[in-house]
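As provided, start_37.pdb (PDB, C-alpha atoms) reads as follows.
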ATOM      1  CA  ARG G 300     -16.119  16.198  23.198
ATOM      2  CA  LYS G 301     -12.456  16.609  22.450
ATOM      3  CA  TRP G 302     -11.422  19.639  20.411
ATOM      4  CA  ILE G 303      -8.181  19.829  18.444
ATOM      5  CA  LYS G 304      -6.799  22.999  16.853
ATOM      6  CA  VAL G 305      -6.342  22.640  13.109
ATOM      7  CA  PRO G 306      -2.898  23.454  11.685
ATOM      8  CA  GLN G 307      -4.412  26.139   9.430
ATOM      9  CA  ASN G 308      -4.905  28.470  12.419
ATOM     10  CA  PRO G 309      -5.396  31.368  12.435
ATOM     11  CA  VAL G 310      -8.144  30.833   9.884
ATOM     12  CA  ILE G 311      -9.085  34.545   9.789
ATOM     13  CA  VAL G 312      -6.758  37.528  10.122
ATOM     14  CA  ALA G 313      -7.430  41.256   9.933
ATOM     15  CA  THR G 314      -6.869  42.859   6.556
ATOM     16  CA  ALA G 315      -4.232  45.543   6.103
ATOM     17  CA  ASN G 316      -6.764  48.379   6.392
ATOM     18  CA  LEU G 317      -7.838  47.262   9.880
ATOM     19  CA  ASN G 318      -6.068  47.439  13.232
ATOM     20  CA  SER G 319      -5.572  43.822  14.352
ATOM     21  CA  SER G 320      -6.207  44.847  17.973
ATOM     22  CA  GLU G 321      -9.659  46.086  16.896
ATOM     23  CA  PHE G 322     -10.733  42.891  15.158
ATOM     24  CA  ARG G 323     -12.259  40.281  17.430
ATOM     25  CA  ASP G 324     -15.165  38.327  18.939
ATOM     26  CA  PRO G 325     -16.708  36.216  16.128
ATOM     27  CA  THR G 326     -20.401  35.388  16.403
ATOM     28  CA  THR G 327     -22.059  31.996  16.259
ATOM     29  CA  ALA G 328     -21.984  30.886  12.621
ATOM     30  CA  TRP G 329     -25.101  30.515  10.503
ATOM     31  CA  ILE G 330     -25.528  28.896   7.109
ATOM     32  CA  GLY G 331     -27.067  30.699   4.129
ATOM     33  CA  ALA G 332     -29.206  29.469   1.254
ATOM     34  CA  ASP G 333     -26.022  29.128  -0.819
ATOM     35  CA  GLY G 334     -24.688  26.514   1.617
ATOM     36  CA  LYS G 335     -21.905  28.757   2.916
ATOM     37  CA  TRP G 336     -21.288  29.507   6.573
ATOM     38  CA  ARG G 337     -21.168  33.087   7.796
ATOM     39  CA  ILE G 338     -19.900  34.830  10.915
ATOM     40  CA  LEU G 339     -19.628  38.428  12.084
ATOM     41  CA  ILE G 340     -16.498  39.951  13.581
ATOM     42  CA  GLY G 341     -16.528  43.202  15.541
ATOM     43  CA  SER G 342     -14.272  46.043  14.486
ATOM     44  CA  LYS G 343     -14.116  49.795  13.891
ATOM     45  CA  ARG G 344     -12.746  52.296  11.405
ATOM     46  CA  LYS G 345     -11.862  55.610  13.054
ATOM     47  CA  HIS G 346     -14.952  56.235  15.234
ATOM     48  CA  ARG G 347     -17.346  54.068  13.220
ATOM     49  CA  GLY G 348     -18.403  50.674  14.578
ATOM     50  CA  LEU G 349     -18.352  47.763  12.115
ATOM     51  CA  ALA G 350     -19.888  44.292  11.913
ATOM     52  CA  LEU G 351     -17.736  42.496   9.328
ATOM     53  CA  VAL G 352     -19.049  39.428   7.448
ATOM     54  CA  TYR G 353     -16.886  36.403   6.621
ATOM     55  CA  LYS G 354     -18.046  33.418   4.549
ATOM     56  CA  SER G 355     -16.754  29.861   4.304
ATOM     57  CA  PRO G 356     -17.748  26.621   2.548
ATOM     58  CA  ASP G 357     -15.925  24.418   5.077
ATOM     59  CA  PHE G 358     -15.154  26.436   8.248
ATOM     60  CA  LEU G 359     -11.458  26.477   7.312
ATOM     61  CA  HIS G 360     -11.234  28.840   4.354
ATOM     62  CA  TRP G 361     -12.846  32.200   5.087
ATOM     63  CA  GLU G 362     -13.309  35.205   2.857
ATOM     64  CA  GLY G 363     -14.534  38.654   3.859
ATOM     65  CA  THR G 364     -17.428  40.189   1.949
ATOM     66  CA  LYS G 365     -16.975  43.448   0.057
ATOM     67  CA  HIS G 366     -19.246  45.365   2.433
ATOM     68  CA  CYS G 367     -19.852  44.971   6.165
ATOM     69  CA  LEU G 368     -23.209  43.768   7.461
ATOM     70  CA  HIS G 369     -23.859  47.059   9.242
ATOM     71  CA  THR G 370     -22.080  50.159  10.512
ATOM     72  CA  VAL G 371     -23.019  53.163  12.652
ATOM     73  CA  PRO G 372     -20.919  56.335  12.957
ATOM     74  CA  LEU G 373     -19.552  57.625  16.272
ATOM     75  CA  THR G 374     -20.212  54.367  18.135
ATOM     76  CA  GLY G 375     -16.581  53.249  18.406
ATOM     77  CA  MET G 376     -15.353  49.694  18.627
ATOM     78  CA  TRP G 377     -18.045  47.011  18.424
ATOM     79  CA  GLU G 378     -17.121  44.158  20.726
ATOM     80  CA  CYS G 379     -18.914  40.826  21.048
ATOM     81  CA  PRO G 380     -21.412  41.265  18.190
ATOM     82  CA  ASP G 381     -24.377  38.925  18.167
ATOM     83  CA  PHE G 382     -26.769  38.287  15.274
ATOM     84  CA  TYR G 383     -29.789  36.020  15.419
ATOM     85  CA  PRO G 384     -33.377  35.607  14.179
ATOM     86  CA  VAL G 385     -36.531  36.041  16.260
ATOM     87  CA  SER G 386     -40.032  34.879  15.388
ATOM     88  CA  LEU G 387     -42.790  37.355  14.527
ATOM     89  CA  THR G 388     -45.479  34.872  15.521
ATOM     90  CA  ALA G 389     -44.221  32.922  18.554
ATOM     91  CA  LYS G 390     -42.344  33.324  21.829
ATOM     92  CA  SER G 391     -40.176  30.297  21.131
ATOM     93  CA  GLY G 392     -36.649  30.674  19.830
ATOM     94  CA  ILE G 393     -35.509  29.635  16.352
ATOM     95  CA  ASN G 394     -32.333  28.226  14.872
ATOM     96  CA  THR G 395     -29.667  30.808  14.088
ATOM     97  CA  SER G 396     -29.727  29.968  10.349
ATOM     98  CA  VAL G 397     -33.476  30.575   9.897
ATOM     99  CA  ASN G 398     -34.635  33.475   7.707
ATOM    100  CA  GLY G 399     -37.965  34.208   6.005
ATOM    101  CA  PRO G 400     -41.224  36.189   6.012
ATOM    102  CA  ASN G 401     -42.127  35.513   9.673
ATOM    103  CA  VAL G 402     -38.678  36.383  10.997
ATOM    104  CA  LYS G 403     -36.833  39.489  12.109
ATOM    105  CA  HIS G 404     -33.170  39.686  12.996
ATOM    106  CA  VAL G 405     -31.503  41.187  16.047
ATOM    107  CA  LEU G 406     -28.084  42.815  15.857
ATOM    108  CA  LYS G 407     -26.445  43.322  19.239
ATOM    109  CA  VAL G 408     -23.162  45.174  19.771
ATOM    110  CA  SER G 409     -21.133  45.808  22.924
ATOM    111  CA  LEU G 410     -19.742  49.326  22.909
ATOM    112  CA  ASP G 411     -16.140  49.411  24.074
ATOM    113  CA  ASN G 412     -16.460  53.154  24.760
ATOM    114  CA  THR G 413     -19.337  52.855  27.256
ATOM    115  CA  LYS G 414     -19.323  49.171  28.278
ATOM    116  CA  HIS G 415     -23.036  48.903  27.419
ATOM    117  CA  ASP G 416     -24.832  46.341  25.239
ATOM    118  CA  HIS G 417     -27.132  47.809  22.591
ATOM    119  CA  TYR G 418     -29.444  45.993  20.204
ATOM    120  CA  THR G 419     -31.643  46.807  17.254
ATOM    121  CA  THR G 420     -34.153  44.806  15.216
ATOM    122  CA  GLY G 421     -34.457  44.779  11.456
ATOM    123  CA  LYS G 422     -34.280  42.853   8.196
ATOM    124  CA  TYR G 423     -31.391  40.640   7.142
ATOM    125  CA  LEU G 424     -30.945  40.790   3.357
ATOM    126  CA  GLU G 425     -29.189  37.531   2.650
ATOM    127  CA  SER G 426     -28.535  38.273  -1.018
ATOM    128  CA  SER G 427     -26.246  41.181  -0.067
ATOM    129  CA  ASP G 428     -25.350  40.079   3.473
ATOM    130  CA  SER G 429     -26.610  43.396   4.813
ATOM    131  CA  PHE G 430     -28.854  44.475   7.667
ATOM    132  CA  VAL G 431     -31.524  47.201   7.567
ATOM    133  CA  PRO G 432     -32.697  48.420  11.006
ATOM    134  CA  ASP G 433     -36.408  48.974  11.611
ATOM    135  CA  THR G 434     -35.857  52.389  13.174
ATOM    136  CA  LEU G 435     -32.774  54.550  12.669
ATOM    137  CA  SER G 436     -33.255  56.273  16.030
ATOM    138  CA  LEU G 437     -32.970  52.815  17.640
ATOM    139  CA  ASP G 438     -29.965  51.736  15.575
ATOM    140  CA  ALA G 439     -27.153  49.607  16.976
ATOM    141  CA  GLY G 440     -25.149  51.507  19.562
ATOM    142  CA  VAL G 441     -27.537  54.473  19.872
ATOM    143  CA  GLY G 442     -30.889  52.976  20.840
ATOM    144  CA  LEU G 443     -32.152  50.173  23.052
ATOM    145  CA  ARG G 444     -30.116  48.214  25.565
ATOM    146  CA  TYR G 445     -30.606  44.689  26.907
ATOM    147  CA  ASP G 446     -30.135  45.920  30.445
ATOM    148  CA  TYR G 447     -29.757  49.357  32.010
ATOM    149  CA  GLY G 448     -27.559  48.178  34.857
ATOM    150  CA  LYS G 449     -24.143  46.536  34.777
ATOM    151  CA  PHE G 450     -24.414  44.065  31.888
ATOM    152  CA  TYR G 451     -21.870  43.610  29.104
ATOM    153  CA  ALA G 452     -20.286  41.321  26.506
ATOM    154  CA  SER G 453     -23.482  39.268  26.260
ATOM    155  CA  LYS G 454     -24.143  36.328  23.986
ATOM    156  CA  THR G 455     -27.203  34.309  23.007
ATOM    157  CA  PHE G 456     -27.528  30.716  21.896
ATOM    158  CA  TYR G 457     -30.400  28.635  20.582
ATOM    159  CA  ASP G 458     -31.484  25.837  22.920
ATOM    160  CA  ALA G 459     -32.885  23.340  20.423
ATOM    161  CA  LYS G 460     -34.001  20.905  23.134
ATOM    162  CA  LYS G 461     -36.450  23.358  24.701
ATOM    163  CA  GLY G 462     -36.956  25.634  21.696
ATOM    164  CA  ARG G 463     -35.778  28.866  23.274
ATOM    165  CA  ARG G 464     -33.069  31.486  22.835
ATOM    166  CA  ILE G 465     -30.996  32.080  25.946
ATOM    167  CA  LEU G 466     -29.114  35.267  26.781
ATOM    168  CA  LEU G 467     -25.930  35.170  28.859
ATOM    169  CA  GLY G 468     -24.117  38.271  30.097
ATOM    170  CA  TRP G 469     -21.251  39.543  32.228
ATOM    171  CA  VAL G 470     -21.942  41.766  35.244
ATOM    172  CA  ASN G 471     -18.867  43.981  35.153
ATOM    173  CA  GLU G 472     -18.646  45.515  38.593
ATOM    174  CA  SER G 473     -17.378  48.986  39.368
ATOM    175  CA  ASP G 474     -14.923  47.907  42.076
ATOM    176  CA  SER G 475     -11.373  49.189  41.858
ATOM    177  CA  GLN G 476      -8.554  46.913  40.738
ATOM    178  CA  ALA G 477      -7.137  46.999  44.263
ATOM    179  CA  ASP G 478     -10.462  45.787  45.697
ATOM    180  CA  ASP G 479     -10.617  42.967  43.145
ATOM    181  CA  ILE G 480      -7.122  41.811  44.063
ATOM    182  CA  SER G 481      -7.925  42.017  47.772
ATOM    183  CA  LYS G 482     -11.085  39.894  47.571
ATOM    184  CA  GLY G 483      -9.581  37.472  45.046
ATOM    185  CA  TRP G 484     -12.290  37.660  42.387
ATOM    186  CA  ALA G 485     -13.867  40.145  40.018
ATOM    187  CA  SER G 486     -17.278  40.383  38.360
ATOM    188  CA  VAL G 487     -20.078  37.817  38.221
ATOM    189  CA  HIS G 488     -22.170  36.029  35.630
ATOM    190  CA  ALA G 489     -25.731  37.251  35.164
ATOM    191  CA  ILE G 490     -28.626  34.825  35.549
ATOM    192  CA  PRO G 491     -29.399  33.329  32.102
ATOM    193  CA  ARG G 492     -32.567  34.680  30.502
ATOM    194  CA  ILE G 493     -34.842  33.601  27.697
ATOM    195  CA  ILE G 494     -35.315  36.326  25.122
ATOM    196  CA  TRP G 495     -38.000  36.881  22.471
ATOM    197  CA  LEU G 496     -39.590  39.597  20.350
ATOM    198  CA  ASP G 497     -42.363  41.791  21.764
ATOM    199  CA  ASN G 498     -45.030  41.059  19.162
ATOM    200  CA  LYS G 499     -46.960  44.228  20.016
ATOM    201  CA  ARG G 500     -44.220  46.773  19.376
ATOM    202  CA  ARG G 501     -42.179  44.443  17.152
ATOM    203  CA  ASN G 502     -38.925  46.327  17.646
ATOM    204  CA  HIS G 503     -38.337  45.572  21.336
ATOM    205  CA  LEU G 504     -37.202  42.367  23.013
ATOM    206  CA  LEU G 505     -38.631  40.791  26.160
ATOM    207  CA  GLN G 506     -36.656  38.754  28.699
ATOM    208  CA  TRP G 507     -37.271  36.461  31.654
ATOM    209  CA  PRO G 508     -34.989  34.294  33.838
ATOM    210  CA  VAL G 509     -34.738  30.687  32.652
ATOM    211  CA  GLU G 510     -37.026  28.240  34.435
ATOM    212  CA  GLU G 511     -34.048  26.318  35.829
ATOM    213  CA  VAL G 512     -33.533  29.137  38.332
ATOM    214  CA  GLU G 513     -36.498  27.730  40.279
ATOM    215  CA  MET G 514     -34.380  24.703  41.244
ATOM    216  CA  LEU G 515     -32.059  26.996  43.224
ATOM    217  CA  ARG G 516     -34.772  28.290  45.516
ATOM    218  CA  GLY G 517     -35.062  27.135  49.126
ATOM    219  CA  LYS G 518     -37.529  28.067  51.842
ATOM    220  CA  LYS G 519     -39.880  30.943  51.076
ATOM    221  CA  THR G 520     -40.541  33.665  53.640
ATOM    222  CA  TYR G 521     -43.541  35.983  53.432
ATOM    223  CA  VAL G 522     -44.209  39.296  55.147
ATOM    224  CA  GLU G 523     -47.528  40.946  54.322
ATOM    225  CA  ASP G 524     -49.602  44.026  55.160
ATOM    226  CA  LEU G 525     -46.749  46.196  56.412
ATOM    227  CA  LEU G 526     -47.153  49.956  56.759
ATOM    228  CA  LEU G 527     -43.859  51.569  55.820
ATOM    229  CA  LEU G 528     -43.360  54.984  57.358
ATOM    230  CA  GLY G 529     -40.638  57.410  56.356
ATOM    231  CA  GLY G 530     -37.341  56.455  58.007
ATOM    232  CA  SER G 531     -38.657  53.159  59.370
ATOM    233  CA  ILE G 532     -36.724  49.867  59.266
ATOM    234  CA  VAL G 533     -38.528  46.523  59.149
ATOM    235  CA  LYS G 534     -36.711  43.280  59.887
ATOM    236  CA  VAL G 535     -37.699  40.314  57.716
ATOM    237  CA  LYS G 536     -37.497  37.259  59.970
ATOM    238  CA  GLY G 537     -36.371  34.026  58.380
ATOM    239  CA  ALA G 538     -34.612  35.701  55.448
ATOM    240  CA  GLU G 539     -31.190  34.095  55.826
ATOM    241  CA  GLY G 540     -28.643  32.731  53.392
ATOM    242  CA  ALA G 541     -25.721  33.591  51.171
ATOM    243  CA  GLN G 542     -28.092  34.495  48.309
ATOM    244  CA  LEU G 543     -31.588  35.948  48.526
ATOM    245  CA  ASP G 544     -34.202  36.592  45.862
ATOM    246  CA  LEU G 545     -36.551  39.349  46.991
ATOM    247  CA  GLU G 546     -39.910  40.380  45.562
ATOM    248  CA  VAL G 547     -41.498  43.531  46.998
ATOM    249  CA  TYR G 548     -44.945  44.850  46.086
ATOM    250  CA  PHE G 549     -46.183  48.318  47.062
ATOM    251  CA  GLU G 550     -49.666  49.748  47.331
ATOM    252  CA  MET G 551     -49.368  53.523  47.084
ATOM    253  CA  ARG G 552     -51.885  55.922  48.581
ATOM    254  CA  ASN G 553     -52.776  59.184  46.856
ATOM    255  CA  LEU G 554     -50.118  58.656  44.200
ATOM    256  CA  ASN G 555     -52.161  60.482  41.574
ATOM    257  CA  GLN G 556     -52.336  63.599  43.723
ATOM    258  CA  ALA G 557     -48.604  63.781  44.414
ATOM    259  CA  ALA G 558     -46.807  62.151  41.523
ATOM    260  CA  ASP G 559     -43.163  63.042  40.949
ATOM    261  CA  VAL G 560     -42.332  65.454  38.160
ATOM    262  CA  VAL G 561     -39.751  64.035  35.760
ATOM    263  CA  ASP G 562     -37.520  66.335  33.770
ATOM    264  CA  VAL G 563     -38.123  64.983  30.274
ATOM    265  CA  ALA G 564     -35.668  67.521  28.882
ATOM    266  CA  SER G 565     -32.793  65.737  30.625
ATOM    267  CA  SER G 566     -29.949  64.768  28.309
ATOM    268  CA  ASN G 567     -30.287  61.165  29.495
ATOM    269  CA  PRO G 568     -33.620  60.434  31.240
ATOM    270  CA  GLN G 569     -32.526  56.825  31.828
ATOM    271  CA  GLU G 570     -29.964  58.045  34.351
ATOM    272  CA  LEU G 571     -32.219  60.344  36.388
ATOM    273  CA  CYS G 572     -32.471  57.897  39.286
ATOM    274  CA  SER G 573     -28.746  57.216  39.472
ATOM    275  CA  GLN G 574     -27.998  60.938  39.250
ATOM    276  CA  GLY G 575     -30.278  61.645  42.198
ATOM    277  CA  GLY G 576     -28.677  58.943  44.338
ATOM    278  CA  PRO G 577     -30.178  56.948  47.241
ATOM    279  CA  ILE G 578     -30.831  60.041  49.388
ATOM    280  CA  GLN G 579     -33.096  61.682  46.800
ATOM    281  CA  ASN G 580     -36.601  61.980  48.257
ATOM    282  CA  SER G 581     -39.657  61.203  46.157
ATOM    283  CA  VAL G 582     -43.266  60.216  46.613
ATOM    284  CA  ALA G 583     -42.350  56.526  46.725
ATOM    285  CA  GLY G 584     -39.016  56.618  48.460
ATOM    286  CA  PRO G 585     -36.196  56.317  48.891
ATOM    287  CA  PHE G 586     -36.642  52.616  49.544
ATOM    288  CA  GLY G 587     -33.774  50.204  50.039
ATOM    289  CA  LEU G 588     -32.539  47.041  51.688
ATOM    290  CA  LEU G 589     -30.098  46.743  54.578
ATOM    291  CA  LEU G 590     -27.878  43.655  54.417
ATOM    292  CA  LEU G 591     -26.002  42.422  57.491
ATOM    293  CA  ALA G 592     -22.726  40.652  56.686
ATOM    294  CA  SER G 593     -20.692  38.167  58.729
ATOM    295  CA  ALA G 594     -17.157  36.845  58.313
ATOM    296  CA  ASP G 595     -18.039  33.349  59.539
ATOM    297  CA  LEU G 596     -21.838  33.089  59.107
TER     298      LEU G 596
END
Show me this structure written as structure tokens.
Amino acid sequence: RKWIKVPQNPVIVATANLNSSEFRDPTTAWIGADGKWRILIGSKRKHRGLALVYKSPDFLHWEGTKHCLHTVPLTGMWECPDFYPVSLTAKSGINTSVNGPNVKHVLKVSLDNTKHDHYTTGKYLESSDSFVPDTLSLDAGVGLRYDYGKFYASKTFYDAKKGRRILLGWVNESDSQADDISKGWASVHAIPRIIWLDNKRRNHLLQWPVEEVEMLRGKKTYVEDLLLLGGSIVKVKGAEGAQLDLEVYFEMRNLNQAADVVDVASSNPQELCSQGGPIQNSVAGPFGLLLLASADL
């Protein structure tokens, strides 16, 4: 399709009480019961993250609501907000404009301060264009994340043809700017995932790579019944290619008698593994993969 910019652009500008450089990244629009379209725009006021709501009858004339959809103190600038419904009764995705008794909403924000994507589930009150999180301790910017690796500025969309919601994200590497310039590229796109509500806990999301990934697979190589001793290296014959998808399964012996002790008092238990590094010994490791590179294959 051919897209043409309308002469009314820009159709939305930051108000005088907002910094225009901290006003960006509109969401996918949804339509309310009143027939008006709505979008969210990420912003902040001092150290408080904001999800601003704008409404329009025709996609050209937009007006901000009196109150923001949601805000959380000390979370900083909210980039790339995302807001969408998930079903309480099915794994399938639903149209972005759906709301009702069997629906929860997900608010996702990308924290400019940490470069992490956080989400929370809750209730969208359409009459006041406000969002009430299920659990304050899991609120936007302070609770759950989509991914605990390098994953940022994500976005979902509803795939109406297959009835699923798909999550796309940016893998922002930690290479230096000099390295990026030297190699000629920077960062990669994460594999798209389907995403749905965990109907047992009802405030967590589940994810899985889209089925189309299977079309990228080539020859499969299996290695079974290997005894891995400390310090040993095992070569996997036949595992060749520019991209490899590896699945490794372990059977541990006497794990119950010698389980690792985890410091639950740590300020951030999610980072215990990265803090220890690859040389940290444990009952089950360290375990890693050695990759041999070639300039000309």
Expansion of the PyMOL selection byres ((chain G and resi 516) around 12) into residues, as a list of chain:residue names |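 Applied to this file, the PyMOL selection byres ((chain G and resi 516) around 12) returns G:Glu510, G:Glu511, G:Val512, G:Glu513, G:Met514, G:Leu515, G:Gly517, G:Lys518, G:Lys519, G:Thr520, G:Gly540, G:Ala541, G:Gln542, G:Leu543, G:Asp544, G:Leu545.
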Length of the CA of Thr370 in chain G to CA of Ala439 in chain G vector [Å] =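 These two atoms are separated by 8.2 Å.
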Spatial neighbours of range 343-348 of chain G, max dist 9 Å, only C-alpha atoms, sep filter under 5 positions, as a list in words = Asn316, Leu317, Asn318, Glu321, Phe322, His369, Thr370, Val371, Pro372, Leu373, Thr374, Gly375, Met376, Trp377, Val408, Leu410 and Gly440 of chain G
Selection above as a file: C-alpha atoms, as a compact mmCIF listing (two decimals), in the frame of the given file:
# COMPACT_ATOMS: atom_id res chain seq x y z
CA ASN G 316 -6.76 48.38 6.39
CA LEU G 317 -7.84 47.26 9.88
CA ASN G 318 -6.07 47.44 13.23
CA GLU G 321 -9.66 46.09 16.90
CA PHE G 322 -10.73 42.89 15.16
CA HIS G 369 -23.86 47.06 9.24
CA THR G 370 -22.08 50.16 10.51
CA VAL G 371 -23.02 53.16 12.65
CA PRO G 372 -20.92 56.34 12.96
CA LEU G 373 -19.55 57.62 16.27
CA THR G 374 -20.21 54.37 18.14
CA GLY G 375 -16.58 53.25 18.41
CA MET G 376 -15.35 49.69 18.63
CA TRP G 377 -18.05 47.01 18.42
CA VAL G 408 -23.16 45.17 19.77
CA LEU G 410 -19.74 49.33 22.91
CA GLY G 440 -25.15 51.51 19.56
What is the CA of His417 in chain G to CA of Arg444 in chain G distance in Å?
->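 Atom-to-atom, CA of His417 in chain G to CA of Arg444 in chain G, that is 4.2 Å.
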Taking into account all atoms listed in the file, which residue in the set G:Leu467, G:Leu359, G:Cys379, G:Val441 is nearest to Gly341 in chain G?
-> G:Cys379
May I have the residues within 9 Å of Asn471 in chain G as a PyMOL selection string, using all atoms listed in the file and disregarding those fewer than 6 positions away in the same chain?
-> chain G and resi 414+449-451+485-488
In Å to one decimal, how far is CA of Ser391 in chain G from CA of Trp507 in chain G?
-> 12.5 Å
Do you know which residues lie at most 7 Å from (-29.2, 33.6, 3.7), with coordinates as in the file and only C-alpha atoms counted, and could you write them as an MDAnalysis selection string?
-> chainID G and resid 330:332 398 425:426
Enumerate, as an MDAnalysis selection string, the residues matched when the PyMOL selection byres ((chain G and resi 549) around 10) is run on the file above.
-> chainID G and resid 524:527 547:548 550:552 583
Between G:Pro356, G:Asn401, G:Asn308, G:Leu466, which one has atoms that come closest to Thr388 in chain G, using only C-alpha atoms?
->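 Closest to Thr388 in chain G, using only C-alpha atoms: G:Asn401.
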Which residue of G:Leu443, G:Leu505, G:Ile303, G:Ala489 approaches Val385 in chain G most closely, using only C-alpha atoms |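 Closest candidate: G:Leu505.
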Taking the point (-25.4, 35.7, 17.0) as given in the file, collect each protein or nucleic acid residue that comes within 10 Å of it, counting only C-alpha atoms, and present the set as a ChimeraX atom specification.
-> /G:325-329,338-339,379-384,395-396,404-407,454-457
Measuring atom to atom with only C-alpha atoms, identify which of G:Asp428, G:Ser319, G:Lys482, G:Lys301 is nearest to Tyr353 in chain G.
->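 Closest to Tyr353 in chain G of all the choices is G:Asp428.
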Would you mind telling me which residue in G:Leu349, G:Val305, G:Ala389, G:Ile340 lies nearest to Asp497 in chain G when using only C-alpha atoms?
->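 Checking each of G:Leu349, G:Val305, G:Ala389, G:Ile340 against Asp497 in chain G, counting only C-alpha atoms, the winner is G:Ala389.
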In terms of the shortest atom-to-atom distance over all atoms listed in the file, which of G:Val402, G:Gly530, G:Ser386, G:Thr413 is closest to Ile494 in chain G?
->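 Distance minimum relative to Ile494 in chain G lands on G:Ser386.
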Shell of 12 Å around Glu362 in chain G, all atoms listed in the file, local chain residues under 4 positions omitted, as a list in words | Val310, Ile311, Val312, Ala313, Thr314, Lys335, Trp336, Arg337, Ile338, Leu339, Leu351, Val352, Tyr353, Lys354, Ser355, Pro356, Asp357, Phe358 and His366 of chain G
